[in-house]
>>> print(open('my_file.txt').read())   # compact mmCIF, C-alpha atoms
# COMPACT_ATOMS: atom_id res chain seq x y z
CA MET C 1 60.12 -150.15 2.95
CA ILE C 2 58.00 -151.92 0.37
CA ARG C 3 55.08 -152.92 2.58
CA THR C 4 54.67 -149.41 3.98
CA ILE C 5 55.99 -147.00 1.37
CA LEU C 6 54.56 -148.77 -1.62
CA ILE C 7 50.86 -147.94 -1.60
CA LEU C 8 50.67 -148.34 -5.34
CA LEU C 9 47.01 -148.39 -6.27
CA PHE C 10 47.16 -149.85 -9.75
CA PHE C 11 44.06 -149.16 -11.73
CA LEU C 12 43.68 -149.69 -15.41
CA LEU C 13 42.43 -146.59 -17.18
CA GLN C 14 42.16 -148.39 -20.47
CA THR C 15 44.04 -151.01 -22.44
CA ASN C 16 43.57 -151.06 -26.17
CA LYS C 17 44.89 -154.30 -27.62
CA VAL C 18 45.00 -152.99 -31.15
CA PHE C 19 46.62 -154.40 -34.22
CA SER C 20 50.18 -153.20 -33.90
CA LEU C 21 52.98 -153.04 -36.42
CA ILE C 22 55.56 -152.66 -33.65
CA GLU C 23 57.70 -155.76 -33.26
CA VAL C 24 60.50 -156.12 -30.72
CA ASP C 25 62.57 -159.20 -31.52
CA ILE C 26 63.75 -160.41 -28.10
CA THR C 27 65.72 -163.31 -29.57
CA ARG C 28 68.32 -161.25 -31.40
CA GLY C 29 69.88 -159.13 -28.64
CA ASN C 30 70.58 -155.54 -29.62
CA LEU C 31 70.90 -155.94 -33.39
CA ASP C 32 67.82 -153.85 -34.25
CA PRO C 33 66.85 -151.71 -31.23
CA LEU C 34 63.38 -150.17 -31.44
CA PRO C 35 63.41 -146.35 -31.73
CA ILE C 36 61.29 -145.12 -28.81
CA ALA C 37 60.52 -141.59 -27.61
CA VAL C 38 60.06 -141.04 -23.87
CA SER C 39 58.48 -137.65 -23.33
CA PRO C 40 59.07 -135.92 -19.98
CA LEU C 41 56.04 -136.32 -17.74
CA HIS C 42 53.90 -133.19 -17.57
CA VAL C 43 53.79 -131.82 -14.01
CA ASP C 44 50.41 -130.43 -12.94
CA PRO C 45 50.97 -126.77 -11.87
CA ASN C 46 48.81 -127.39 -8.77
CA SER C 47 51.35 -129.92 -7.45
CA LYS C 48 52.93 -129.22 -4.08
CA THR C 49 54.45 -131.13 -1.20
CA SER C 50 55.85 -130.34 2.23
CA SER C 51 58.87 -132.59 1.63
CA ASN C 52 62.19 -131.50 0.11
CA ILE C 53 61.38 -133.20 -3.21
CA LYS C 54 61.52 -130.78 -6.12
CA VAL C 55 58.22 -131.53 -7.81
CA LYS C 56 59.02 -129.59 -10.97
CA GLU C 57 61.97 -131.89 -11.68
CA LEU C 58 60.09 -135.16 -11.15
CA GLY C 59 58.72 -135.36 -14.69
CA GLU C 60 62.21 -135.14 -16.17
CA LYS C 61 63.75 -137.52 -13.61
CA ILE C 62 61.14 -140.24 -14.09
CA SER C 63 61.46 -140.13 -17.87
CA GLU C 64 65.27 -140.27 -17.57
CA ILE C 65 65.08 -143.47 -15.50
CA VAL C 66 62.65 -145.03 -17.98
CA GLU C 67 65.05 -144.11 -20.81
CA LYS C 68 68.06 -145.60 -19.02
CA ASN C 69 66.15 -148.82 -18.31
CA PHE C 70 65.21 -149.17 -21.96
CA LYS C 71 68.72 -148.37 -23.14
CA SER C 72 70.23 -150.96 -20.79
CA THR C 73 68.29 -153.80 -22.44
CA GLY C 74 69.86 -153.34 -25.87
CA LEU C 75 66.36 -153.78 -27.33
CA PHE C 76 65.39 -150.10 -27.42
CA ASN C 77 66.94 -146.89 -28.71
CA PRO C 78 65.58 -143.91 -26.73
CA LEU C 79 65.63 -140.83 -28.97
CA LYS C 80 67.12 -137.49 -27.91
CA LYS C 81 64.63 -135.05 -26.41
CA ASP C 82 65.94 -132.05 -28.33
CA ALA C 83 64.28 -133.54 -31.43
CA PHE C 84 60.82 -133.59 -29.81
CA VAL C 85 58.30 -131.13 -31.24
CA GLN C 86 55.28 -131.53 -28.98
CA LYS C 87 55.21 -130.32 -25.40
CA PRO C 88 54.62 -133.02 -22.73
CA ASP C 89 51.13 -131.87 -21.72
CA ILE C 90 49.84 -131.79 -25.30
CA ALA C 91 51.52 -135.05 -26.31
CA HIS C 92 49.93 -136.89 -23.40
CA LEU C 93 46.39 -135.90 -24.42
CA LYS C 94 46.72 -136.70 -28.12
CA PRO C 95 50.08 -136.93 -29.84
CA ARG C 96 50.50 -135.67 -33.39
CA PHE C 97 51.64 -139.01 -34.73
CA GLU C 98 53.18 -137.54 -37.88
CA ASP C 99 55.50 -135.30 -35.78
CA TRP C 100 56.86 -138.30 -33.88
CA ARG C 101 57.18 -140.45 -36.98
CA LEU C 102 59.22 -137.66 -38.54
CA ILE C 103 62.01 -138.35 -36.02
CA LYS C 104 61.79 -142.09 -36.79
CA ALA C 105 60.13 -143.02 -33.48
CA GLN C 106 58.01 -146.18 -33.54
CA ALA C 107 56.73 -146.03 -29.95
CA LEU C 108 56.00 -143.08 -27.67
CA VAL C 109 55.67 -142.87 -23.87
CA THR C 110 53.83 -139.88 -22.41
CA GLY C 111 52.61 -139.09 -18.91
CA LYS C 112 51.56 -136.56 -16.33
CA LEU C 113 51.88 -136.31 -12.56
CA LEU C 114 50.16 -134.55 -9.71
CA VAL C 115 51.41 -134.20 -6.13
CA LYS C 116 48.64 -133.29 -3.68
CA ASP C 117 48.02 -134.04 -0.01
CA GLU C 118 51.37 -135.87 0.14
CA LYS C 119 50.25 -138.33 -2.54
CA LEU C 120 51.91 -138.72 -5.93
CA LYS C 121 49.58 -139.66 -8.78
CA ILE C 122 51.11 -140.61 -12.11
CA GLU C 123 49.41 -141.48 -15.38
CA PHE C 124 51.27 -142.76 -18.41
CA ARG C 125 50.39 -143.91 -21.90
CA LEU C 126 52.19 -145.99 -24.49
CA TRP C 127 51.44 -145.14 -28.11
CA ASP C 128 52.02 -147.21 -31.24
CA LEU C 129 53.15 -144.55 -33.72
CA THR C 130 53.03 -146.89 -36.69
CA ALA C 131 49.37 -147.78 -36.17
CA SER C 132 48.53 -144.34 -34.64
CA LYS C 133 46.91 -146.04 -31.65
CA GLU C 134 47.18 -146.08 -27.87
CA MET C 135 48.55 -149.42 -26.65
CA VAL C 136 48.16 -149.11 -22.88
CA ALA C 137 47.29 -146.53 -20.23
CA LEU C 138 47.89 -146.92 -16.49
CA ALA C 139 47.83 -144.83 -13.34
CA PHE C 140 49.65 -145.20 -10.02
CA THR C 141 49.23 -143.53 -6.65
CA THR C 142 51.96 -143.65 -4.03
CA THR C 143 54.04 -141.41 -1.76
CA PRO C 144 56.21 -138.71 -3.43
CA SER C 145 59.43 -140.30 -2.10
CA ASN C 146 58.59 -143.45 -4.06
CA TRP C 147 58.92 -141.80 -7.48
CA ARG C 148 61.96 -143.87 -8.46
CA ARG C 149 60.05 -147.11 -7.87
CA VAL C 150 57.23 -145.83 -10.06
CA ALA C 151 59.71 -145.15 -12.89
CA HIS C 152 60.87 -148.77 -12.74
CA ILE C 153 57.30 -150.10 -12.64
CA ILE C 154 56.36 -147.99 -15.67
CA SER C 155 59.40 -149.43 -17.46
CA ASP C 156 58.27 -152.97 -16.60
CA LYS C 157 54.74 -152.40 -17.91
CA ILE C 158 55.99 -150.95 -21.20
CA TYR C 159 58.62 -153.67 -21.61
CA GLU C 160 55.99 -156.35 -21.09
CA ARG C 161 53.57 -154.76 -23.57
CA LEU C 162 56.22 -154.45 -26.29
CA THR C 163 58.08 -157.75 -25.82
CA GLY C 164 55.51 -160.12 -24.36
CA GLU C 165 57.85 -160.86 -21.42
CA GLU C 166 57.76 -159.59 -17.85
CA GLY C 167 60.18 -156.79 -17.13
CA TYR C 168 62.95 -156.85 -14.55
CA PHE C 169 63.47 -153.19 -13.66
CA ASP C 170 61.58 -153.03 -10.36
CA THR C 171 64.09 -155.36 -8.73
CA ARG C 172 67.12 -155.27 -6.46
CA ILE C 173 70.51 -156.92 -6.45
CA ILE C 174 72.32 -158.10 -3.35
CA TYR C 175 76.06 -158.65 -3.54
CA VAL C 176 79.29 -158.73 -1.56
CA SER C 177 80.91 -155.30 -1.42
CA GLU C 178 84.72 -155.54 -1.42
CA ALA C 179 87.42 -153.05 -0.44
CA GLY C 180 91.12 -153.20 0.35
CA PRO C 181 94.05 -155.24 -1.02
CA LYS C 182 93.45 -158.73 -2.38
CA ASN C 183 95.11 -160.44 0.59
CA ASN C 184 93.06 -158.42 3.10
CA ARG C 185 89.65 -157.67 1.58
CA ILE C 186 86.91 -156.16 3.72
CA LYS C 187 83.65 -157.77 2.63
CA LYS C 188 80.18 -156.47 3.45
CA LEU C 189 76.70 -157.40 2.30
CA ALA C 190 75.28 -154.64 0.10
CA ILE C 191 72.00 -154.17 -1.73
CA MET C 192 70.99 -151.76 -4.49
CA ASP C 193 68.35 -151.19 -7.15
CA GLN C 194 69.07 -153.06 -10.37
CA ASP C 195 70.30 -149.82 -11.98
CA GLY C 196 72.91 -149.27 -9.24
CA ALA C 197 70.98 -146.63 -7.27
CA LYS C 198 70.12 -146.57 -3.55
CA THR C 199 73.02 -148.69 -2.29
CA LYS C 200 72.64 -149.85 1.31
CA TYR C 201 75.17 -151.83 3.39
CA LEU C 202 73.69 -154.60 5.51
CA THR C 203 76.73 -155.77 7.49
CA LEU C 204 79.66 -153.95 9.08
CA GLY C 205 82.52 -155.85 7.47
CA ASN C 206 83.98 -157.27 10.69
CA GLU C 207 83.07 -160.81 9.59
CA LEU C 208 83.62 -162.48 6.23
CA VAL C 209 80.40 -162.81 4.22
CA LEU C 210 79.88 -164.95 1.12
CA THR C 211 77.29 -165.90 -1.51
CA PRO C 212 74.08 -164.06 -0.57
CA ARG C 213 70.98 -165.51 -2.27
CA PHE C 214 67.44 -164.11 -2.57
CA ASN C 215 64.32 -166.08 -1.72
CA PRO C 216 62.30 -166.40 -5.00
CA THR C 217 59.05 -165.48 -3.26
CA ASN C 218 59.97 -162.51 -1.04
CA GLN C 219 62.76 -160.22 0.15
CA LEU C 220 64.39 -162.76 2.45
CA VAL C 221 68.10 -163.44 1.91
CA THR C 222 70.32 -166.30 2.98
CA TYR C 223 74.10 -165.99 3.14
CA LEU C 224 77.20 -167.56 4.62
CA SER C 225 79.28 -165.75 7.23
CA TYR C 226 82.26 -166.79 9.29
CA PHE C 227 81.68 -166.25 13.00
CA ARG C 228 84.88 -166.83 14.98
CA ASN C 229 86.27 -168.66 11.93
CA LEU C 230 83.32 -171.05 11.80
CA PRO C 231 80.89 -170.99 8.82
CA ARG C 232 77.38 -170.01 9.80
CA VAL C 233 74.26 -169.72 7.64
CA TYR C 234 72.01 -166.72 8.21
CA LEU C 235 68.55 -165.62 7.10
CA LEU C 236 68.03 -161.86 6.75
CA ASP C 237 64.73 -160.07 6.14
CA ILE C 238 65.64 -157.07 3.99
CA GLU C 239 62.48 -155.15 4.92
CA THR C 240 62.61 -155.51 8.69
CA GLY C 241 66.34 -156.03 9.23
CA VAL C 242 65.61 -159.10 11.36
CA GLN C 243 68.37 -161.68 11.13
CA GLU C 244 68.50 -165.23 12.43
CA VAL C 245 71.00 -168.06 12.40
CA VAL C 246 69.89 -171.14 10.47
CA GLY C 247 72.72 -173.22 11.82
CA ASN C 248 76.45 -173.88 12.04
CA PHE C 249 77.74 -176.05 9.22
CA PRO C 250 81.45 -176.84 9.56
CA GLY C 251 83.16 -177.53 6.26
CA MET C 252 80.42 -175.95 4.18
CA THR C 253 81.59 -175.02 0.70
CA PHE C 254 78.70 -172.91 -0.62
CA ALA C 255 75.93 -170.90 1.00
CA PRO C 256 72.47 -172.37 0.56
CA ARG C 257 69.87 -171.50 -2.04
CA PHE C 258 66.12 -171.45 -1.48
CA SER C 259 63.65 -173.90 -2.95
CA PRO C 260 61.18 -172.30 -5.42
CA ASP C 261 58.48 -172.03 -2.75
CA GLY C 262 60.96 -170.52 -0.26
CA LYS C 263 60.22 -173.17 2.38
CA LYS C 264 63.52 -175.05 2.14
CA ILE C 265 67.16 -174.31 1.62
CA ILE C 266 69.54 -176.56 -0.26
CA MET C 267 73.28 -176.59 0.37
CA SER C 268 76.43 -178.66 0.35
CA PHE C 269 78.77 -179.20 3.25
CA ALA C 270 81.44 -181.62 4.27
CA LYS C 271 80.54 -184.29 6.79
CA ASP C 272 82.67 -187.26 7.75
CA GLY C 273 85.27 -186.14 5.21
CA ASN C 274 82.81 -186.09 2.30
CA SER C 275 80.96 -183.23 0.60
CA ASP C 276 77.32 -183.93 -0.20
CA ILE C 277 74.10 -182.04 -0.81
CA TYR C 278 71.54 -181.51 1.96
CA THR C 279 68.22 -179.72 2.37
CA MET C 280 66.76 -178.07 5.45
CA ASP C 281 63.09 -177.36 6.11
CA LEU C 282 63.04 -173.77 7.41
CA GLU C 283 60.00 -174.37 9.61
CA THR C 284 60.98 -177.65 11.25
CA ARG C 285 64.78 -177.29 10.76
CA VAL C 286 64.88 -180.95 9.71
CA VAL C 287 67.99 -181.68 7.62
CA GLU C 288 67.82 -184.31 4.87
CA ARG C 289 70.77 -185.73 2.97
CA ILE C 290 70.14 -185.77 -0.80
CA THR C 291 73.36 -187.21 -2.25
CA ASP C 292 75.60 -189.90 -0.79
CA ASP C 293 78.68 -190.31 -2.95
CA THR C 294 82.42 -190.45 -2.37
CA SER C 295 82.89 -187.54 -4.79
CA ILE C 296 82.54 -183.80 -4.09
CA ASP C 297 78.96 -182.66 -4.78
CA THR C 298 78.41 -178.88 -4.59
CA SER C 299 76.51 -175.86 -5.96
CA PRO C 300 72.95 -177.26 -5.96
CA SER C 301 70.12 -175.29 -7.61
CA TYR C 302 66.44 -176.20 -7.91
CA SER C 303 64.44 -176.16 -11.14
CA PRO C 304 61.62 -173.57 -10.91
CA ASP C 305 59.00 -176.30 -10.43
CA GLY C 306 61.03 -177.83 -7.59
CA LYS C 307 61.08 -181.28 -9.18
CA TYR C 308 64.77 -181.37 -10.13
CA ILE C 309 68.16 -180.22 -8.85
CA CYS C 310 71.25 -179.39 -10.87
CA PHE C 311 74.66 -179.51 -9.20
CA ASN C 312 78.33 -179.99 -10.01
CA SER C 313 80.36 -183.04 -9.04
CA ASP C 314 83.73 -184.64 -9.79
CA ARG C 315 82.29 -188.17 -9.66
CA SER C 316 83.36 -188.66 -13.31
CA GLY C 317 86.93 -187.63 -12.49
CA LEU C 318 86.52 -184.00 -13.58
CA GLN C 319 84.10 -181.35 -12.36
CA GLN C 320 80.91 -181.61 -14.44
CA ILE C 321 77.22 -180.70 -14.11
CA TYR C 322 74.58 -183.25 -13.15
CA VAL C 323 70.79 -183.21 -12.83
CA MET C 324 68.74 -185.37 -10.45
CA LYS C 325 65.24 -185.54 -9.06
CA SER C 326 64.64 -183.48 -5.94
CA ASP C 327 64.78 -186.60 -3.75
CA GLY C 328 68.29 -187.41 -5.04
CA SER C 329 67.28 -190.21 -7.41
CA ASP C 330 67.92 -190.61 -11.14
CA VAL C 331 71.26 -188.75 -11.27
CA LYS C 332 72.34 -187.89 -14.82
CA ARG C 333 75.46 -186.18 -16.10
CA ILE C 334 74.56 -183.47 -18.65
CA THR C 335 77.94 -181.89 -19.59
CA PHE C 336 80.50 -183.67 -21.72
CA GLY C 337 82.43 -180.77 -23.28
CA LYS C 338 86.10 -180.00 -22.78
CA GLY C 339 86.88 -178.09 -19.60
CA LEU C 340 85.52 -177.91 -16.05
CA TYR C 341 81.92 -176.90 -15.32
CA GLY C 342 80.59 -175.32 -12.14
CA THR C 343 78.08 -172.99 -10.41
CA PRO C 344 74.99 -174.22 -12.32
CA VAL C 345 71.85 -172.09 -11.81
CA TRP C 346 68.45 -172.96 -13.22
CA SER C 347 66.63 -170.24 -15.15
CA PRO C 348 63.34 -168.96 -13.64
CA ARG C 349 61.71 -169.99 -16.92
CA GLY C 350 63.02 -173.54 -16.55
CA ASP C 351 64.39 -173.76 -20.08
CA LEU C 352 68.09 -173.09 -19.44
CA ILE C 353 70.86 -173.67 -16.93
CA ALA C 354 73.58 -171.04 -16.57
CA PHE C 355 77.08 -172.12 -15.61
CA THR C 356 80.74 -171.22 -15.28
CA LYS C 357 83.24 -173.06 -17.45
CA VAL C 358 87.04 -173.14 -17.10
CA ARG C 359 89.21 -174.21 -20.02
CA LYS C 360 92.88 -173.49 -20.76
CA GLY C 361 93.07 -170.93 -17.98
CA ARG C 362 90.07 -168.89 -19.22
CA PHE C 363 86.70 -168.49 -17.53
CA TYR C 364 83.41 -168.52 -19.45
CA ILE C 365 79.81 -167.77 -18.52
CA GLY C 366 77.42 -169.86 -20.59
CA VAL C 367 73.96 -171.37 -20.84
CA MET C 368 72.64 -174.76 -21.95
CA ARG C 369 69.31 -176.54 -22.05
CA SER C 370 68.37 -178.50 -18.96
CA ASP C 371 69.42 -181.74 -20.65
CA GLY C 372 72.88 -180.35 -21.46
CA THR C 373 72.29 -179.74 -25.16
CA GLY C 374 72.63 -176.39 -26.93
CA GLU C 375 75.63 -175.15 -24.94
CA ARG C 376 76.45 -171.51 -25.70
CA LEU C 377 79.36 -169.60 -24.19
CA LEU C 378 78.30 -165.98 -23.76
CA THR C 379 81.41 -164.26 -22.43
CA GLU C 380 85.08 -165.04 -21.77
CA ASN C 381 87.58 -163.44 -19.40
CA TYR C 382 90.57 -163.88 -17.12
CA TYR C 383 88.33 -164.76 -14.15
CA GLN C 384 84.55 -164.59 -13.81
CA GLU C 385 81.85 -166.67 -12.16
CA ALA C 386 78.64 -166.79 -10.06
CA PRO C 387 75.93 -166.12 -12.67
CA SER C 388 72.50 -165.10 -11.36
CA TRP C 389 69.29 -164.76 -13.40
CA SER C 390 67.01 -161.76 -13.79
CA PRO C 391 63.48 -162.77 -12.70
CA ASN C 392 62.27 -163.02 -16.31
CA GLY C 393 65.15 -165.29 -17.33
CA ARG C 394 66.43 -162.89 -20.00
CA VAL C 395 69.61 -161.46 -18.44
CA LEU C 396 72.49 -162.87 -16.38
CA ILE C 397 74.48 -160.92 -13.82
CA PHE C 398 77.89 -162.19 -12.69
CA TYR C 399 81.15 -160.89 -11.32
CA ARG C 400 84.49 -160.52 -13.02
CA GLU C 401 87.95 -160.08 -11.51
CA THR C 402 90.67 -158.27 -13.40
CA LYS C 403 94.31 -157.38 -12.84
CA SER C 404 95.05 -153.70 -12.43
CA ASN C 405 98.03 -153.74 -14.80
CA SER C 406 99.96 -155.93 -17.23
CA LYS C 407 102.25 -157.19 -14.46
CA GLY C 408 99.33 -158.74 -12.62
CA GLU C 409 99.58 -156.27 -9.78
CA GLY C 410 96.47 -155.03 -8.05
CA HIS C 411 93.00 -156.49 -8.08
CA SER C 412 89.50 -155.42 -9.07
CA ALA C 413 86.13 -157.21 -8.91
CA LYS C 414 83.08 -155.76 -10.68
CA LEU C 415 79.55 -156.83 -11.56
CA TRP C 416 78.63 -157.37 -15.19
CA SER C 417 75.48 -158.39 -17.02
CA ILE C 418 74.83 -159.98 -20.39
CA ASP C 419 71.76 -160.95 -22.38
CA ILE C 420 71.23 -164.67 -22.92
CA THR C 421 71.65 -164.06 -26.66
CA GLY C 422 75.27 -163.11 -25.94
CA TYR C 423 74.73 -159.41 -26.74
CA ASN C 424 74.65 -156.30 -24.57
CA GLU C 425 77.48 -157.08 -22.16
CA ARG C 426 77.91 -154.17 -19.75
CA LYS C 427 79.39 -153.25 -16.39
CA ILE C 428 76.96 -152.60 -13.52
CA LYS C 429 77.61 -149.49 -11.48
CA THR C 430 78.58 -150.15 -7.84
CA GLU C 431 80.09 -147.87 -5.20
CA THR C 432 82.87 -150.37 -4.42
CA ASP C 433 84.29 -153.54 -5.89
CA ALA C 434 81.63 -156.24 -5.92
CA SER C 435 81.18 -160.02 -6.19
CA ASP C 436 78.63 -162.83 -5.70
CA PRO C 437 75.51 -161.05 -7.01
CA SER C 438 71.96 -162.33 -6.61
CA TRP C 439 68.92 -160.85 -8.38
CA SER C 440 65.61 -160.43 -6.52
CA SER C 441 62.16 -161.22 -7.83
CA LEU C 442 59.94 -158.34 -8.95
CA LEU C 443 59.15 -156.10 -5.97
CA SER C 444 55.76 -155.07 -7.32
CA LYS C 445 54.39 -158.61 -7.52
>>> encode(input="my_file.txt", output="structure tokens")
Amino acid sequence: MIRTILILLFFLLQTNKVFSLIEVDITRGNLDPLPIAVSPLHVDPNSKTSSNIKVKELGEKISEIVEKNFKSTGLFNPLKKDAFVQKPDIAHLKPRFEDWRLIKAQALVTGKLLVKDEKLKIEFRLWDLTASKEMVALAFTTTPSNWRRVAHIISDKIYERLTGEEGYFDTRIIYVSEAGPKNNRIKKLAIMDQDGAKTKYLTLGNELVLTPRFNPTNQLVTYLSYFRNLPRVYLLDIETGVQEVVGNFPGMTFAPRFSPDGKKIIMSFAKDGNSDIYTMDLETRVVERITDDTSIDTSPSYSPDGKYICFNSDRSGLQQIYVMKSDGSDVKRITFGKGLYGTPVWSPRGDLIAFTKVRKGRFYIGVMRSDGTGERLLTENYYQEAPSWSPNGRVLIFYRETKSNSKGEGHSAKLWSIDITGYNERKIKTETDASDPSWSSLLSK
């Protein structure tokens, strides 16, 4: 529970903004990953705890998570530990830079930890091996059970120092867990850390659940569920488990998304035989109609400044993506390529819109600028959709369905991620089949 477990007392030991020869090119995907050495954290011999946590293993476990996070980006190449010469305790105090350069490392992460009086204290340092200088040093204090969170936060701090962008490791992903045959799937809400660990199921599976979406400002989730065959929108507080019904919306086609400030939800539902876009103020529960057209308007998503909304509509005859002001005025079509466009989602950085495209029976996940220019198709498959952005706008997560064999028998749905450069496509580990992912904001903010 973030508000109670996380007692992270961040204090800056020292930050040396030195001239650095390290350069991580975040625009080129995984073409030239940076060789980085992550030394196991030195465990203070005076460490002890009354819990069942094996303190001696924590140093190795934390460094392993940091390594996996770096490897998953495609930007870094963590080096094998059997090539390390210096012991963790010595390396943390003052690394012999020539020893680390000998194994072609350009950056080094060292650290130490102490567990005392049921508090876990961790220090870590990032070293520029090319310039032989310390780049950053930080310390964290928390509960011993929170060691995995600390590993992700360390990863975020190092990622930010080396790339100039915020990290996305201390985050969670909510999705629809699926099990059973395609014509009788049991669907539950599930949540996990971004690396697939600590899966937790939030619903029992006795009601159909669809399209969970995180609030950009906190750990509140909205989703659509069918109660007695009627669509109902829920709000769920992940931390407290408190759930409330926003309202019943017959004919609704997509679950709502939050506004950037988290005070409104935007959605589309059918009323009087027509599908339009509506907003609801979560405090007053006042519903406002945003579009009024004879076409089908769906999948609305706010720009990060809240001034604009992108959505898809068939008002041109085919399903395309449009952008309008948040009050519904100044509607402009932005896609004109061949194929059908849907599920537009605005990047947290505001520069791109992700989308699903269907053409000649194939499904694509792509990105374009907010005016529709610069379209790039990142990945193609038999069936895939529902892209969701990492909080730094660098990675997309989506789900992909595949046939189990060449005859088209069977069914499988899995989560995948891809960098916005089109590199580093990989499957995300989940305990079951999975669909409709949504990425949280940073937990440590």
>>> residues_near_point(input="my_file.txt", point="(87.2, -175.7, -18.2)", cutoff="6 Å", atoms="only C-alpha atoms", output="PDB file with C-alpha atoms, in the coordinates of the input")
ATOM      1  CA  GLY C 339      86.880-178.090 -19.600  1.00  0.00           C
ATOM      2  CA  LEU C 340      85.520-177.910 -16.050  1.00  0.00           C
ATOM      3  CA  LYS C 357      83.240-173.060 -17.450  1.00  0.00           C
ATOM      4  CA  VAL C 358      87.040-173.140 -17.100  1.00  0.00           C
ATOM      5  CA  ARG C 359      89.210-174.210 -20.020  1.00  0.00           C
TER       6      ARG C 359
END
>>> residues_near_point(input="my_file.txt", point="(73.2, -165.5, 8.9)", cutoff="7 Å", atoms="only C-alpha atoms", output="PyMOL selection string")
chain C and resi 222-225+232-236+243-246
>>> closest_residue(input="my_file.txt", among="C:Cys310, C:Leu120, C:Leu377, C:Val323", to="Pro344 in chain C", atoms="only C-alpha atoms")
C:Cys310
>>> residues_around(input="my_file.txt", residues="Asp89 in chain C", least_positions_apart="5", cutoff="12 Å", atoms="all atoms listed in the file", output="list in words")
Ser39, Pro40, Leu41, His42, Val43, Asp44, Pro45, Gly59, Lys94, Pro95, Thr110, Gly111, Lys112, Leu113, Glu123 and Phe124 of chain C
>>> closest_residue(input="my_file.txt", among="C:Ser177, C:Thr294, C:Thr203, C:Thr217", to="Ala413 in chain C", atoms="all atoms listed in the file")
C:Ser177
>>> atom_distance(input="my_file.txt", atom1="CA of Arg376 in chain C", atom2="CA of Gly422 in chain C")
8.5 Å
>>> residues_around(input="my_file.txt", residues="Leu189 in chain C", least_positions_apart="5", cutoff="8 Å", atoms="all atoms listed in the file", output="count of residues only")
10
>>> atom_distance(input="my_file.txt", atom1="CA of Pro181 in chain C", atom2="CA of Thr432 in chain C")
12.7 Å
>>> atom_distance(input="my_file.txt", atom1="CA of Ile290 in chain C", atom2="CA of Gly328 in chain C")
4.9 Å
>>> residues_around(input="my_file.txt", residues="range 333-336 of chain C", least_positions_apart="5", cutoff="12 Å", atoms="all atoms listed in the file", output="PyMOL selection string")
chain C and resi 309-324+341-342+344+353+355-357+367-375
>>> closest_residue(input="my_file.txt", among="C:Val136, C:Gly74, C:Pro300, C:Pro231", to="Thr421 in chain C", atoms="all atoms listed in the file")
C:Gly74
>>> residues_around(input="my_file.txt", residues="range 97-102 of chain C", least_positions_apart="2", cutoff="10 Å", atoms="all atoms listed in the file", output="PyMOL selection string")
chain C and resi 36-37+83-86+91+94-95+104-108+127-133
>>> write_last_selection(input="my_file.txt", atoms="C-alpha atoms", output="PDB file, keeping the file's coordinate frame")
ATOM      1  CA  ILE C  36      61.290-145.120 -28.810  1.00  0.00           C
ATOM      2  CA  ALA C  37      60.520-141.590 -27.610  1.00  0.00           C
ATOM      3  CA  ALA C  83      64.280-133.540 -31.430  1.00  0.00           C
ATOM      4  CA  PHE C  84      60.820-133.590 -29.810  1.00  0.00           C
ATOM      5  CA  VAL C  85      58.300-131.130 -31.240  1.00  0.00           C
ATOM      6  CA  GLN C  86      55.280-131.530 -28.980  1.00  0.00           C
ATOM      7  CA  ALA C  91      51.520-135.050 -26.310  1.00  0.00           C
ATOM      8  CA  LYS C  94      46.720-136.700 -28.120  1.00  0.00           C
ATOM      9  CA  PRO C  95      50.080-136.930 -29.840  1.00  0.00           C
ATOM     10  CA  LYS C 104      61.790-142.090 -36.790  1.00  0.00           C
ATOM     11  CA  ALA C 105      60.130-143.020 -33.480  1.00  0.00           C
ATOM     12  CA  GLN C 106      58.010-146.180 -33.540  1.00  0.00           C
ATOM     13  CA  ALA C 107      56.730-146.030 -29.950  1.00  0.00           C
ATOM     14  CA  LEU C 108      56.000-143.080 -27.670  1.00  0.00           C
ATOM     15  CA  TRP C 127      51.440-145.140 -28.110  1.00  0.00           C
ATOM     16  CA  ASP C 128      52.020-147.210 -31.240  1.00  0.00           C
ATOM     17  CA  LEU C 129      53.150-144.550 -33.720  1.00  0.00           C
ATOM     18  CA  THR C 130      53.030-146.890 -36.690  1.00  0.00           C
ATOM     19  CA  ALA C 131      49.370-147.780 -36.170  1.00  0.00           C
ATOM     20  CA  SER C 132      48.530-144.340 -34.640  1.00  0.00           C
ATOM     21  CA  LYS C 133      46.910-146.040 -31.650  1.00  0.00           C
TER      22      LYS C 133
END
>>> residues_around(input="my_file.txt", residues="Glu425 in chain C", least_positions_apart="6", cutoff="10 Å", atoms="all atoms listed in the file", output="PyMOL selection string")
chain C and resi 72-74+378-379+395-397+416-419
>>> closest_residue(input="my_file.txt", among="C:Asp193, C:Asp327, C:Glu60, C:Asp297", to="Lys429 in chain C", atoms="all atoms listed in the file")
C:Asp193
>>> closest_residue(input="my_file.txt", among="C:Glu401, C:Asp293, C:Glu288, C:Glu239", to="Asp272 in chain C", atoms="all atoms listed in the file")
C:Asp293
>>> closest_residue(input="my_file.txt", among="C:Val109, C:Ile154, C:Ile65, C:Met135", to="Pro35 in chain C", atoms="all atoms listed in the file")
C:Val109
